[in-house]
file input-v9.txt (compact mmCIF, C-alpha atoms and all ligand atoms)
# COMPACT_ATOMS: atom_id res chain seq x y z
CA MET F 697 0.00 0.00 0.00
CA THR F 698 1.41 3.43 -0.90
CA THR F 699 1.21 6.17 1.72
CA PRO F 700 -1.06 9.05 0.66
CA GLN F 701 0.88 12.14 -0.48
CA LYS F 702 0.97 15.06 1.90
CA VAL F 703 -1.26 17.89 0.62
CA GLU F 704 -0.56 21.45 1.74
CA GLU F 705 -2.16 24.75 0.83
CA ILE F 706 0.27 27.68 0.76
CA THR F 707 -0.81 31.33 0.69
CA LEU F 708 1.77 33.75 -0.72
CA GLY F 709 1.55 37.47 -0.03
CA VAL F 710 2.42 40.25 -2.49
CA ASP F 711 6.05 40.07 -3.80
CA SER F 712 6.90 36.81 -2.13
CA GLU F 713 8.28 33.52 -3.34
CA LEU F 714 7.83 29.83 -2.52
CA ARG F 715 11.19 28.06 -2.86
CA PHE F 716 11.64 24.31 -2.78
CA GLU F 717 14.22 21.69 -3.65
CA ILE F 718 13.74 17.98 -4.32
CA GLU F 719 16.73 15.80 -3.52
CA SER F 720 14.96 12.47 -2.98
CA LYS F 721 13.05 10.42 -5.57
CA GLU F 722 9.71 11.89 -4.43
CA ASN F 723 7.78 13.96 -6.99
CA VAL F 724 6.01 17.17 -6.08
CA ILE F 725 2.81 18.31 -7.78
CA LEU F 726 1.96 21.98 -7.65
CA GLU F 727 -1.28 23.70 -8.59
CA LEU F 728 -2.23 27.38 -8.64
CA LYS F 729 -5.61 27.65 -6.89
CA SER F 730 -6.13 31.41 -7.05
CA GLY F 731 -4.27 34.64 -7.82
CA PHE F 732 -1.26 34.93 -10.16
CA ALA F 733 2.12 33.23 -9.94
CA GLU F 734 5.12 32.57 -12.19
CA LEU F 735 8.19 30.40 -12.38
CA TYR F 736 11.20 32.37 -13.63
CA GLY F 737 8.90 34.54 -15.75
CA THR F 738 6.56 31.80 -17.04
CA GLU F 739 2.99 32.21 -15.79
CA LEU F 740 1.34 29.28 -14.04
CA ALA F 741 -2.10 28.40 -15.41
CA LYS F 742 -4.84 28.19 -12.78
CA GLY F 743 -6.01 24.64 -12.02
CA LYS F 744 -3.19 22.97 -13.98
CA GLN F 745 -0.99 20.44 -12.18
CA TYR F 746 2.77 20.83 -12.61
CA GLU F 747 5.02 17.96 -11.68
CA PHE F 748 8.56 18.46 -10.39
CA HIS F 749 11.14 15.69 -10.03
CA GLN F 750 14.39 14.83 -8.28
CA GLY F 751 16.98 17.59 -8.66
CA ALA F 752 14.37 20.37 -9.10
CA LYS F 753 15.20 23.75 -7.55
CA VAL F 754 12.12 25.86 -7.88
CA ALA F 755 10.98 29.39 -7.04
CA ILE F 756 7.33 30.31 -7.56
CA PHE F 757 7.02 34.08 -7.34
CA THR F 758 3.92 36.26 -7.13
CA PHE F 759 3.62 40.02 -7.62
CA HIS F 760 -0.04 40.07 -6.57
CA GLY F 761 -0.43 37.21 -4.05
CA CYS F 762 -1.77 33.70 -4.67
CA VAL F 763 -2.81 30.38 -3.17
CA LEU F 764 -0.91 27.24 -4.20
CA GLN F 765 -1.59 23.61 -3.47
CA MET F 766 1.43 21.35 -3.03
CA LYS F 767 1.20 17.54 -3.11
CA GLY F 768 4.27 15.63 -1.93
CA LYS F 769 7.11 16.59 0.37
CA PRO F 770 10.16 18.42 -1.00
CA ASP F 771 13.40 18.19 1.01
CA VAL F 772 13.57 21.95 1.46
CA SER F 773 10.58 24.29 1.28
CA TYR F 774 10.08 27.83 2.56
CA VAL F 775 8.50 31.15 1.70
CA ALA F 776 10.83 34.12 1.12
CA LYS F 777 9.64 37.71 1.32
CA GLU F 778 12.97 39.27 0.35
CA THR F 779 13.67 38.82 -3.36
CA PRO F 780 15.36 40.94 -6.04
CA MET F 781 12.37 40.46 -8.37
CA VAL F 782 11.36 44.12 -8.38
CA GLN F 783 14.89 45.10 -9.50
CA TYR F 784 14.76 42.40 -12.18
CA LEU F 785 11.39 43.70 -13.35
CA ASN F 786 12.80 47.25 -13.51
CA THR F 787 15.67 45.89 -15.61
CA HIS F 788 13.13 44.36 -17.97
CA THR F 789 11.21 47.67 -18.15
CA ALA F 790 14.39 49.52 -19.10
CA LEU F 791 15.10 46.95 -21.84
CA GLU F 792 11.51 47.31 -23.08
CA GLN F 793 12.00 51.07 -23.47
CA LEU F 794 15.10 50.45 -25.55
CA ARG F 795 13.14 47.96 -27.69
CA THR F 796 10.33 50.45 -28.26
CA ASN F 797 12.85 53.12 -29.32
CA ALA F 798 14.57 50.64 -31.61
CA GLU F 799 11.23 49.69 -33.16
CA GLU F 800 10.34 53.32 -33.88
CA LYS F 801 13.72 54.09 -35.43
CA SER F 802 14.21 50.68 -37.13
CA THR F 803 17.47 50.24 -35.28
CA ARG F 804 18.89 47.36 -33.27
CA GLY F 805 17.31 46.54 -29.92
CA PRO F 806 19.34 46.04 -26.72
CA ILE F 807 22.11 43.43 -26.77
CA VAL F 808 22.89 42.64 -23.15
CA MET F 809 25.19 40.24 -21.37
CA ILE F 810 24.61 38.71 -17.92
CA VAL F 811 27.82 38.04 -16.01
CA GLY F 812 28.83 36.90 -12.54
CA PRO F 813 30.62 34.10 -10.69
CA GLN F 814 29.24 30.56 -10.51
CA ASP F 815 25.81 29.96 -9.03
CA VAL F 816 24.48 33.49 -8.80
CA GLY F 817 21.44 32.91 -11.02
CA LYS F 818 22.76 34.06 -14.42
CA SER F 819 20.83 31.44 -16.41
CA THR F 820 17.73 32.10 -14.31
CA LEU F 821 17.90 35.86 -14.94
CA CYS F 822 18.32 35.21 -18.69
CA ARG F 823 15.24 32.99 -18.62
CA LEU F 824 13.26 35.62 -16.71
CA LEU F 825 14.20 38.50 -19.05
CA LEU F 826 13.54 36.38 -22.16
CA ASN F 827 10.16 35.25 -20.80
CA TYR F 828 9.13 38.82 -19.97
CA ALA F 829 10.23 39.93 -23.44
CA VAL F 830 8.23 37.26 -25.33
CA ARG F 831 5.22 37.93 -23.11
CA MET F 832 5.37 41.50 -24.47
CA GLY F 833 5.32 40.15 -28.02
CA ARG F 834 9.11 40.42 -28.62
CA ARG F 835 11.29 37.83 -30.37
CA PRO F 836 14.71 38.08 -28.67
CA ILE F 837 17.72 35.90 -29.45
CA TYR F 838 19.07 33.90 -26.51
CA VAL F 839 22.81 33.32 -26.70
CA ASP F 840 24.58 30.94 -24.34
CA ILE F 841 28.38 30.96 -24.29
CA ASP F 842 28.63 28.96 -21.06
CA VAL F 843 30.20 25.71 -22.29
CA GLY F 844 29.96 24.08 -18.85
CA GLN F 845 26.22 23.43 -18.77
CA GLY F 846 24.90 23.96 -22.29
CA SER F 847 21.37 25.30 -21.85
CA ILE F 848 20.85 25.47 -25.64
CA SER F 849 22.43 22.17 -26.69
CA CYS F 850 24.80 19.57 -25.23
CA PRO F 851 27.47 20.67 -22.73
CA GLY F 852 30.72 21.66 -24.45
CA THR F 853 28.93 23.84 -27.01
CA ILE F 854 27.94 27.46 -27.45
CA GLY F 855 24.83 28.51 -29.30
CA ALA F 856 21.99 30.88 -30.09
CA LEU F 857 18.24 30.44 -30.25
CA LEU F 858 15.39 32.65 -31.43
CA VAL F 859 12.88 32.71 -28.56
CA GLU F 860 9.31 32.84 -29.85
CA ARG F 861 7.37 31.46 -26.88
CA PRO F 862 7.81 31.60 -23.11
CA ALA F 863 9.69 28.67 -21.57
CA THR F 864 7.41 25.86 -20.42
CA ILE F 865 7.33 25.27 -16.67
CA GLU F 866 8.72 21.73 -16.92
CA GLU F 867 10.96 21.77 -20.01
CA GLY F 868 12.21 25.33 -20.54
CA PHE F 869 12.56 27.00 -23.96
CA SER F 870 11.66 25.15 -27.14
CA GLN F 871 14.97 24.20 -28.76
CA GLN F 872 14.00 24.09 -32.38
CA ALA F 873 16.69 24.97 -34.88
CA PRO F 874 19.35 26.47 -32.61
CA LEU F 875 22.66 27.63 -34.06
CA VAL F 876 25.35 25.57 -32.31
CA TYR F 877 29.15 25.40 -32.40
CA ASN F 878 31.10 22.56 -30.87
CA PHE F 879 33.89 23.54 -28.46
CA GLY F 880 34.35 20.05 -27.07
CA HIS F 881 35.43 20.91 -23.50
CA VAL F 882 33.61 22.00 -20.35
CA SER F 883 35.80 25.01 -19.57
CA PRO F 884 36.96 27.77 -21.96
CA GLY F 885 40.39 27.42 -20.30
CA ASP F 886 40.86 24.03 -21.99
CA ASN F 887 41.43 25.87 -25.28
CA ASN F 888 41.25 29.65 -24.87
CA LYS F 889 42.16 30.37 -28.47
CA LEU F 890 39.46 28.10 -29.93
CA TYR F 891 36.88 29.48 -27.50
CA GLN F 892 37.52 33.03 -28.71
CA ILE F 893 37.30 31.99 -32.36
CA LEU F 894 33.95 30.29 -31.75
CA VAL F 895 32.53 33.21 -29.74
CA SER F 896 33.54 35.60 -32.56
CA LYS F 897 31.89 33.34 -35.15
CA LEU F 898 28.70 32.92 -33.09
CA ALA F 899 28.55 36.70 -32.60
CA GLU F 900 29.05 37.38 -36.32
CA VAL F 901 26.27 34.96 -37.37
CA SER F 902 23.87 36.00 -34.56
CA LEU F 903 24.28 39.70 -35.43
CA GLU F 904 23.63 38.89 -39.09
CA ARG F 905 20.48 36.95 -38.17
CA LEU F 906 19.28 39.82 -36.02
CA GLU F 907 19.26 42.04 -39.11
CA THR F 908 17.11 39.64 -41.18
CA ASN F 909 13.89 40.11 -39.22
CA LYS F 910 12.40 43.47 -38.18
CA LYS F 911 10.77 42.18 -35.01
CA GLY F 912 13.84 40.20 -33.99
CA LYS F 913 16.08 43.20 -34.67
CA SER F 914 14.28 45.50 -32.26
CA SER F 915 13.98 42.71 -29.66
CA GLY F 916 17.75 42.34 -29.29
CA MET F 917 19.75 39.61 -27.56
CA ILE F 918 20.29 38.26 -24.07
CA ILE F 919 23.67 36.59 -23.58
CA ASN F 920 24.43 34.09 -20.81
CA THR F 921 28.09 33.66 -19.85
CA CYS F 922 30.45 31.38 -17.89
CA GLY F 923 30.96 31.72 -14.15
CA TRP F 924 34.75 31.93 -14.71
CA VAL F 925 35.35 35.63 -14.17
CA LYS F 926 39.05 35.82 -13.27
CA SER F 927 42.21 36.10 -15.45
CA ASP F 928 41.49 34.48 -18.86
CA GLY F 929 37.83 34.08 -17.86
CA TYR F 930 37.59 37.86 -17.47
CA ARG F 931 39.37 38.40 -20.80
CA HIS F 932 36.77 36.13 -22.43
CA LEU F 933 34.01 38.37 -21.05
CA LEU F 934 35.69 41.47 -22.50
CA HIS F 935 36.11 39.73 -25.82
CA ALA F 936 32.46 38.53 -25.89
CA ALA F 937 31.20 42.05 -25.04
CA GLU F 938 33.15 43.45 -27.98
CA ALA F 939 32.24 40.64 -30.41
CA PHE F 940 28.50 40.89 -29.68
CA GLU F 941 28.62 44.71 -29.58
CA VAL F 942 26.72 44.73 -26.29
CA CYS F 943 25.11 47.92 -25.03
CA ALA F 944 24.76 46.79 -21.41
CA ILE F 945 26.25 44.29 -18.98
CA PHE F 946 24.35 43.14 -15.90
CA VAL F 947 26.72 42.02 -13.18
CA LEU F 948 25.25 39.67 -10.62
CA ASP F 949 26.57 39.68 -7.09
CA GLN F 950 30.24 40.60 -7.47
CA GLU F 951 31.39 44.15 -6.83
CA ARG F 952 34.94 43.41 -7.92
CA LEU F 953 33.80 42.24 -11.36
CA TYR F 954 31.41 45.20 -11.56
CA ASN F 955 34.22 47.69 -10.89
CA GLU F 956 36.61 45.98 -13.27
CA LEU F 957 34.02 46.16 -16.04
CA LEU F 958 33.24 49.80 -15.24
CA ARG F 959 36.96 50.49 -15.67
CA ASP F 960 37.47 48.45 -18.85
CA MET F 961 34.28 48.93 -20.84
CA PRO F 962 33.89 51.82 -23.29
CA ARG F 963 31.51 54.57 -22.10
CA PHE F 964 28.64 53.57 -24.39
CA VAL F 965 28.36 50.22 -22.55
CA GLN F 966 26.19 50.50 -19.43
CA VAL F 967 27.49 48.35 -16.59
CA VAL F 968 24.77 47.66 -14.02
CA TYR F 969 25.09 45.86 -10.70
CA LEU F 970 22.23 43.55 -9.72
CA PRO F 971 21.85 41.57 -6.50
CA LYS F 972 21.64 37.80 -6.53
CA SER F 973 18.52 36.08 -5.26
CA GLY F 974 18.94 34.46 -1.85
CA GLY F 975 17.22 31.40 -3.30
CA VAL F 976 19.90 30.50 -5.85
CA VAL F 977 21.29 27.14 -4.92
CA GLU F 978 25.01 26.38 -5.00
CA ARG F 979 25.88 23.31 -6.99
CA PRO F 980 28.99 21.40 -5.96
CA LYS F 981 31.25 19.84 -8.61
CA GLN F 982 29.55 16.44 -8.39
CA LEU F 983 26.12 17.98 -8.97
CA ARG F 984 27.42 19.95 -11.95
CA MET F 985 28.76 16.72 -13.47
CA GLU F 986 25.41 15.02 -12.89
CA SER F 987 23.52 17.91 -14.42
CA ARG F 988 25.82 17.77 -17.50
CA ASP F 989 25.09 14.07 -17.80
CA ASN F 990 21.35 14.68 -17.47
CA ARG F 991 21.57 17.32 -20.16
CA ILE F 992 23.11 14.83 -22.63
CA ARG F 993 20.57 12.14 -21.66
CA GLU F 994 17.84 14.70 -22.30
CA TYR F 995 19.34 15.44 -25.74
CA PHE F 996 19.03 11.80 -26.79
CA TYR F 997 16.06 10.54 -24.74
CA GLY F 998 14.00 13.70 -24.08
CA LEU F 999 12.83 15.05 -20.75
CA ARG F 1000 9.12 14.63 -20.09
CA SER F 1001 8.06 13.76 -23.64
CA PRO F 1002 10.30 10.78 -24.43
CA LEU F 1003 12.48 10.64 -27.55
CA TYR F 1004 13.54 7.36 -29.15
CA PRO F 1005 17.10 7.61 -30.45
CA HIS F 1006 18.48 5.20 -33.05
CA SER F 1007 21.46 2.89 -32.69
CA PHE F 1008 23.40 1.79 -35.77
CA ASP F 1009 26.85 0.88 -37.01
CA ILE F 1010 29.03 3.07 -39.17
CA LYS F 1011 32.15 1.88 -40.96
CA TRP F 1012 35.37 3.60 -40.02
CA CYS F 1013 36.08 4.20 -43.70
CA ASP F 1014 32.75 6.03 -44.15
CA VAL F 1015 33.50 8.90 -41.76
CA GLN F 1016 36.27 11.42 -41.20
CA ILE F 1017 36.83 12.24 -37.55
CA TYR F 1018 38.77 15.31 -36.47
CA LYS F 1019 39.77 16.99 -33.27
CA ILE F 1020 40.75 20.62 -32.87
CA GLY F 1021 43.97 21.30 -31.02
CA ALA F 1022 47.18 19.27 -31.02
CA PRO F 1023 49.02 18.49 -27.77
CA ALA F 1024 50.89 21.55 -26.51
CA LEU F 1025 54.58 21.67 -27.34
CA PRO F 1026 57.08 24.19 -25.98
CA ASP F 1027 57.68 27.08 -28.42
CA SER F 1028 61.27 25.85 -28.88
CA CYS F 1029 59.97 22.60 -30.45
CA MET F 1030 57.60 24.33 -32.87
CA PRO F 1031 58.40 24.77 -36.56
CA LEU F 1032 59.93 28.14 -37.41
CA GLY F 1033 57.34 30.94 -37.32
CA MET F 1034 54.70 28.93 -35.44
CA LYS F 1035 53.65 29.56 -31.86
CA THR F 1036 52.17 27.13 -29.32
CA GLU F 1037 48.88 28.99 -29.71
CA ASP F 1038 48.65 27.97 -33.38
CA ASN F 1039 48.72 24.37 -32.25
CA MET F 1040 45.50 24.90 -30.31
CA THR F 1041 43.55 25.51 -33.51
CA LYS F 1042 45.20 22.79 -35.56
CA LEU F 1043 42.91 20.21 -37.16
CA VAL F 1044 44.04 16.73 -36.12
CA THR F 1045 42.78 13.60 -37.91
CA ILE F 1046 41.62 10.91 -35.48
CA GLN F 1047 42.05 7.24 -36.37
CA PRO F 1048 39.04 5.36 -34.93
CA SER F 1049 39.98 3.19 -31.97
CA VAL F 1050 38.60 2.09 -28.65
CA ALA F 1051 39.64 5.51 -27.28
CA LEU F 1052 36.47 6.89 -28.91
CA LEU F 1053 34.20 4.79 -26.69
CA HIS F 1054 31.48 6.87 -24.94
CA HIS F 1055 32.67 10.08 -26.59
CA ILE F 1056 30.29 12.59 -28.08
CA LEU F 1057 30.91 13.37 -31.75
CA ALA F 1058 29.50 16.50 -33.35
CA VAL F 1059 28.05 16.06 -36.85
CA LEU F 1060 29.11 19.14 -38.78
CA ALA F 1061 26.93 21.10 -41.18
CA GLU F 1062 28.11 21.20 -44.79
CA GLY F 1063 30.99 23.61 -45.03
CA SER F 1064 34.43 23.99 -46.36
CA LEU F 1065 37.05 21.52 -45.09
CA ASP F 1066 39.42 24.46 -44.63
CA ASP F 1067 37.15 26.06 -42.09
CA ILE F 1068 35.96 23.13 -39.98
CA ILE F 1069 36.70 25.14 -36.86
CA ARG F 1070 34.10 27.77 -37.73
CA THR F 1071 31.45 25.35 -39.02
CA ASN F 1072 28.28 24.94 -36.98
CA VAL F 1073 26.96 21.54 -35.99
CA LEU F 1074 23.77 19.77 -37.06
CA GLY F 1075 23.60 17.48 -34.05
CA PHE F 1076 25.48 14.96 -31.93
CA ILE F 1077 26.03 11.23 -31.80
CA CYS F 1078 27.56 9.14 -29.02
CA VAL F 1079 29.92 6.19 -29.58
CA THR F 1080 28.49 3.21 -27.68
CA ASN F 1081 30.75 0.48 -29.11
CA VAL F 1082 33.95 0.14 -31.12
CA ASP F 1083 34.54 -3.08 -33.07
CA ASN F 1084 38.19 -3.36 -34.06
CA GLU F 1085 37.69 -6.52 -36.12
CA ARG F 1086 34.79 -5.28 -38.21
CA GLN F 1087 36.20 -1.76 -38.14
CA THR F 1088 32.88 -0.22 -37.13
CA LEU F 1089 31.55 2.21 -34.54
CA THR F 1090 28.12 1.72 -32.99
CA VAL F 1091 26.53 5.09 -32.37
CA LEU F 1092 23.50 6.50 -30.61
CA SER F 1093 21.86 9.09 -32.84
CA PRO F 1094 18.69 11.22 -32.64
CA GLN F 1095 18.18 10.55 -36.37
CA PRO F 1096 18.11 7.26 -38.29
CA ARG F 1097 21.01 6.51 -40.64
CA PRO F 1098 22.55 7.80 -42.82
CA LEU F 1099 24.31 10.61 -41.00
CA PRO F 1100 23.61 13.98 -42.64
CA ASN F 1101 27.36 14.55 -42.96
CA THR F 1102 30.35 12.26 -42.65
CA ILE F 1103 32.65 14.89 -41.12
CA LEU F 1104 32.62 14.49 -37.36
CA LEU F 1105 34.31 16.49 -34.61
CA LEU F 1106 35.47 14.75 -31.47
CA SER F 1107 34.34 16.16 -28.12
CA GLU F 1108 36.20 15.53 -24.89
CA ILE F 1109 32.82 15.03 -23.24
CA GLN F 1110 31.69 11.46 -22.59
CA PHE F 1111 28.29 9.93 -21.94
CA MET F 1112 27.60 6.43 -20.60
CA ASP F 1113 24.39 5.25 -22.20
CA SER F 1114 22.67 3.19 -19.50
CA HIS F 1115 19.38 2.63 -21.37
P1 LIG E 1201 26.37 28.70 -13.44
O1 LIG E 1201 27.47 29.36 -12.74
O2 LIG E 1201 26.43 27.20 -13.37
O3 LIG E 1201 26.18 29.18 -14.84
P2 LIG E 1201 24.13 30.36 -12.74
O4 LIG E 1201 24.79 31.54 -12.15
O5 LIG E 1201 23.66 30.47 -14.14
O6 LIG E 1201 25.03 29.07 -12.60
P3 LIG E 1201 21.51 29.36 -12.20
O7 LIG E 1201 21.73 28.14 -13.04
O8 LIG E 1201 20.62 30.42 -12.75
O9 LIG E 1201 22.90 29.97 -11.78
O10 LIG E 1201 20.93 28.98 -10.76
C1 LIG E 1201 21.47 27.91 -9.98
C2 LIG E 1201 20.34 27.05 -9.43
O11 LIG E 1201 19.55 27.83 -8.52
C3 LIG E 1201 19.38 26.54 -10.51
O12 LIG E 1201 19.10 25.19 -10.23
C4 LIG E 1201 18.13 27.40 -10.33
O13 LIG E 1201 16.96 26.68 -10.68
C5 LIG E 1201 18.16 27.72 -8.86
N1 LIG E 1201 17.52 29.01 -8.55
C6 LIG E 1201 17.66 30.19 -9.20
N2 LIG E 1201 16.94 31.18 -8.63
C7 LIG E 1201 16.31 30.59 -7.57
C8 LIG E 1201 15.41 31.08 -6.57
N3 LIG E 1201 15.01 32.35 -6.53
N4 LIG E 1201 14.97 30.19 -5.64
C9 LIG E 1201 15.35 28.89 -5.67
N5 LIG E 1201 16.21 28.39 -6.58
C10 LIG E 1201 16.68 29.21 -7.51
call {"tool": "encode", "arguments": {"input": "input-v9.txt", "output": "structure tokens"}}
result
Amino acid sequence: MTTPQKVEEITLGVDSELRFEIESKENVILELKSGFAELYGTELAKGKQYEFHQGAKVAIFTFHGCVLQMKGKPDVSYVAKETPMVQYLNTHTALEQLRTNAEEKSTRGPIVMIVGPQDVGKSTLCRLLLNYAVRMGRRPIYVDIDVGQGSISCPGTIGALLVERPATIEEGFSQQAPLVYNFGHVSPGDNNKLYQILVSKLAEVSLERLETNKKGKSSGMIINTCGWVKSDGYRHLLHAAEAFEVCAIFVLDQERLYNELLRDMPRFVQVVYLPKSGGVVERPKQLRMESRDNRIREYFYGLRSPLYPHSFDIKWCDVQIYKIGAPALPDSCMPLGMKTEDNMTKLVTIQPSVALLHHILAVLAEGSLDDIIRTNVLGFICVTNVDNERQTLTVLSPQPRPLPNTILLLSEIQFMDSH
């Protein structure tokens, strides 16, 4: 006999937030009974049941007050009255004014970057600002250059997405037709040179796309960044700000970073300090690794609506596999005129072997062989078996065979398919 789920009715006052976390296997079902409430900018529908699962970290906020019904017992649950939501809403209002001006003058809407150390709510603020923008009828571009988590595609990539609808409560933004580049590592520091090249390319293509559609142009872009904000990490932020031609940077929670950006940014870039929400949950290294793994599983198998990936063999001779970046050599060992840095963008041919097992391979879009580095990807496959005798790879793929392109890029990221 199963024990009946605990049912609780929670009344939230004006400008307050219900926060809960689920660590155990227990699911929590939430329903809005009366009033208005939202999850990171997505409105809850009255009378609809929303299910949250293990790993969920949720904040249901209300500007007007509401009554919620909660079935199940999260591991942590409390109501917070102190939140930065009014400041975030003011930020949105300021962006809306810029969009209206841009619309009237047929110019470009605001291109803004959200920066800050790890776990300060950068991705959440992006989601909130994008949701508020689409709810006002805008069509902003969401850019994610945080290779660690990959909110647009698999971890180890950077990408851009035209946002046409608010994120759904359970699954986030619809990820149809994103523009994605494969970096292949979880930290920009693993290949700083390649990271900069990819950010420049993503910026160039995203800015071009912004110009193709009047509504999109005045809506602008929201750019999510890595939590690495020191030394080379900081230089990457400066480079991204220049490449994307940002007009404003929102700095979450770190005065040092705020002051450094005030000092280093040209005058036409507004640098604004915003507080972090007390609800943002810190994720230790292990949890980050798990969430990366979940992200890849979601790519192949779906989240709530299940996907059914295909598994098939490909002959070694039918594909060309490359990796970007040769092992670092001291400058003294490099050919005359070459620097170690050049090595980091070198295209290296990979001979298939058991070393490919569990690795993610990016399937490149058609492009010139000379510019593989700057070619976007169509999707990803995962190597689930290597047969030396038959000289084949077994791969997990979202699409049936044949692969849309036979040029594949090796990613350092691995995924153990336990299905
Ligand atoms: P990273 O450094 O990994 O990029 P981040 O700064 O982008 O992290 P988020 O991913 O936005 O941070 O937030 C970290 C976690 O905190 C997420 O699981 C998010 O759902 C949760 N979170 C954000 N805001 C709140 C809130 N107000 N209440 C409860 N949980 C929250």
call {"tool": "residues_around", "arguments": {"input": "input-v9.txt", "residues": "Met781 of chain F", "least_positions_apart": "6", "cutoff": "12 Å", "atoms": "all atoms listed in the file", "output": "PyMOL selection string"}}
result
chain F and resi 710-713+734-737+755-759+787-788+820-821+824-825+970-975
call {"tool": "residues_near_ligand", "arguments": {"input": "input-v9.txt", "ligand": "ligand LIG 1201 (chain E)", "cutoff": "9 Å", "atoms": "all atoms listed in the file", "output": "PyMOL selection string"}}
result
chain F and resi 713-717+736+751-757+776+779-781+811-823+842+844-845+920-924+948+972-979+984
call {"tool": "closest_residue", "arguments": {"input": "input-v9.txt", "among": "F:Gln745, F:Arg988, F:Gly912, F:Tyr954", "to": "Ala798 of chain F", "atoms": "only C-alpha atoms"}}
result
F:Gly912
call {"tool": "atom_distance", "arguments": {"input": "input-v9.txt", "atom1": "atom CA of Glu907 of chain F", "atom2": "atom CA of Thr803 of chain F"}}
result
9.2 Å
call {"tool": "residues_near_point", "arguments": {"input": "input-v9.txt", "point": "(16.3, 35.9, -32.0)", "cutoff": "6 Å", "atoms": "only C-alpha atoms", "output": "ChimeraX atom specification"}}
result
/F:835-837,858-859,912
call {"tool": "closest_atom_pairs", "arguments": {"input": "input-v9.txt", "of": "segment 772-857 of chain F", "to": "segment 1072-1081 of chain F", "cutoff": "12 Å", "atoms": "only C-alpha atoms", "output": "CSV"}}
result
residue,atom,partner,partner_atom,distance
F:Ile848,CA,F:Gly1075,CA,11.9
F:Ser849,CA,F:Gly1075,CA,8.8
F:Cys850,CA,F:Phe1076,CA,8.2
F:Pro851,CA,F:Phe1076,CA,11.0
F:Gly852,CA,F:Phe1076,CA,11.3
F:Thr853,CA,F:Val1073,CA,9.5
F:Ile854,CA,F:Asn1072,CA,9.9
F:Gly855,CA,F:Asn1072,CA,9.1
F:Ala856,CA,F:Asn1072,CA,11.1
call {"tool": "closest_residue", "arguments": {"input": "input-v9.txt", "among": "F:Val1091, F:Leu1060, F:Ala873, F:Cys943", "to": "Pro1005 of chain F", "atoms": "only C-alpha atoms"}}
result
F:Val1091
call {"tool": "atom_distance", "arguments": {"input": "input-v9.txt", "atom1": "atom CA of Ser870 of chain F", "atom2": "atom CA of Val901 of chain F"}}
result
20.4 Å
call {"tool": "atom_distance", "arguments": {"input": "input-v9.txt", "atom1": "atom CA of Gly916 of chain F", "atom2": "atom CA of Val882 of chain F"}}
result
27.3 Å
call {"tool": "residues_near_point", "arguments": {"input": "input-v9.txt", "point": "(-0.4, 30.5, 2.8)", "cutoff": "10 Å", "atoms": "all atoms listed in the file", "output": "VMD selection string"}}
result
chain F and resid 704 to 709 714 761 to 765 775
call {"tool": "write_last_selection", "arguments": {"input": "input-v9.txt", "atoms": "C-alpha atoms", "output": "PDB file, in the coordinates of the input"}}
result
ATOM      1  CA  GLU F 704      -0.560  21.450   1.740  1.00  0.00           C
ATOM      2  CA  GLU F 705      -2.160  24.750   0.830  1.00  0.00           C
ATOM      3  CA  ILE F 706       0.270  27.680   0.760  1.00  0.00           C
ATOM      4  CA  THR F 707      -0.810  31.330   0.690  1.00  0.00           C
ATOM      5  CA  LEU F 708       1.770  33.750  -0.720  1.00  0.00           C
ATOM      6  CA  GLY F 709       1.550  37.470  -0.030  1.00  0.00           C
ATOM      7  CA  LEU F 714       7.830  29.830  -2.520  1.00  0.00           C
ATOM      8  CA  GLY F 761      -0.430  37.210  -4.050  1.00  0.00           C
ATOM      9  CA  CYS F 762      -1.770  33.700  -4.670  1.00  0.00           C
ATOM     10  CA  VAL F 763      -2.810  30.380  -3.170  1.00  0.00           C
ATOM     11  CA  LEU F 764      -0.910  27.240  -4.200  1.00  0.00           C
ATOM     12  CA  GLN F 765      -1.590  23.610  -3.470  1.00  0.00           C
ATOM     13  CA  VAL F 775       8.500  31.150   1.700  1.00  0.00           C
TER      14      VAL F 775
END
call {"tool": "closest_residue", "arguments": {"input": "input-v9.txt", "among": "F:Cys1013, F:Ile725, F:Val703, F:Ala939", "to": "Thr1088 of chain F", "atoms": "all atoms listed in the file"}}
result
F:Cys1013
call {"tool": "closest_residue", "arguments": {"input": "input-v9.txt", "among": "F:Val724, F:Leu983, F:Leu1099, F:Met961", "to": "Ala1058 of chain F", "atoms": "only C-alpha atoms"}}
result
F:Leu1099
call {"tool": "residues_around", "arguments": {"input": "input-v9.txt", "residues": "Phe964 of chain F", "least_positions_apart": "6", "cutoff": "12 Å", "atoms": "only C-alpha atoms", "output": "list of chain:residue names"}}
result
F:Ala937, F:Glu938, F:Glu941, F:Val942, F:Cys943, F:Ala944, F:Ile945, F:Leu958
call {"tool": "closest_residue", "arguments": {"input": "input-v9.txt", "among": "F:Val808, F:Met766, F:Arg991, F:Pro1048", "to": "Asp1014 of chain F", "atoms": "all atoms listed in the file"}}
result
F:Pro1048
call {"tool": "residues_around", "arguments": {"input": "input-v9.txt", "residues": "Glu1108 of chain F", "least_positions_apart": "4", "cutoff": "9 Å", "atoms": "all atoms listed in the file", "output": "PDB file with C-alpha atoms, in the coordinates of the input"}}
result
ATOM      1  CA  GLY F 852      30.720  21.660 -24.450  1.00  0.00           C
ATOM      2  CA  GLY F 880      34.350  20.050 -27.070  1.00  0.00           C
ATOM      3  CA  HIS F 881      35.430  20.910 -23.500  1.00  0.00           C
ATOM      4  CA  VAL F 882      33.610  22.000 -20.350  1.00  0.00           C
ATOM      5  CA  HIS F1055      32.670  10.080 -26.590  1.00  0.00           C
ATOM      6  CA  ILE F1056      30.290  12.590 -28.080  1.00  0.00           C
ATOM      7  CA  LEU F1057      30.910  13.370 -31.750  1.00  0.00           C
TER       8      LEU F1057
END
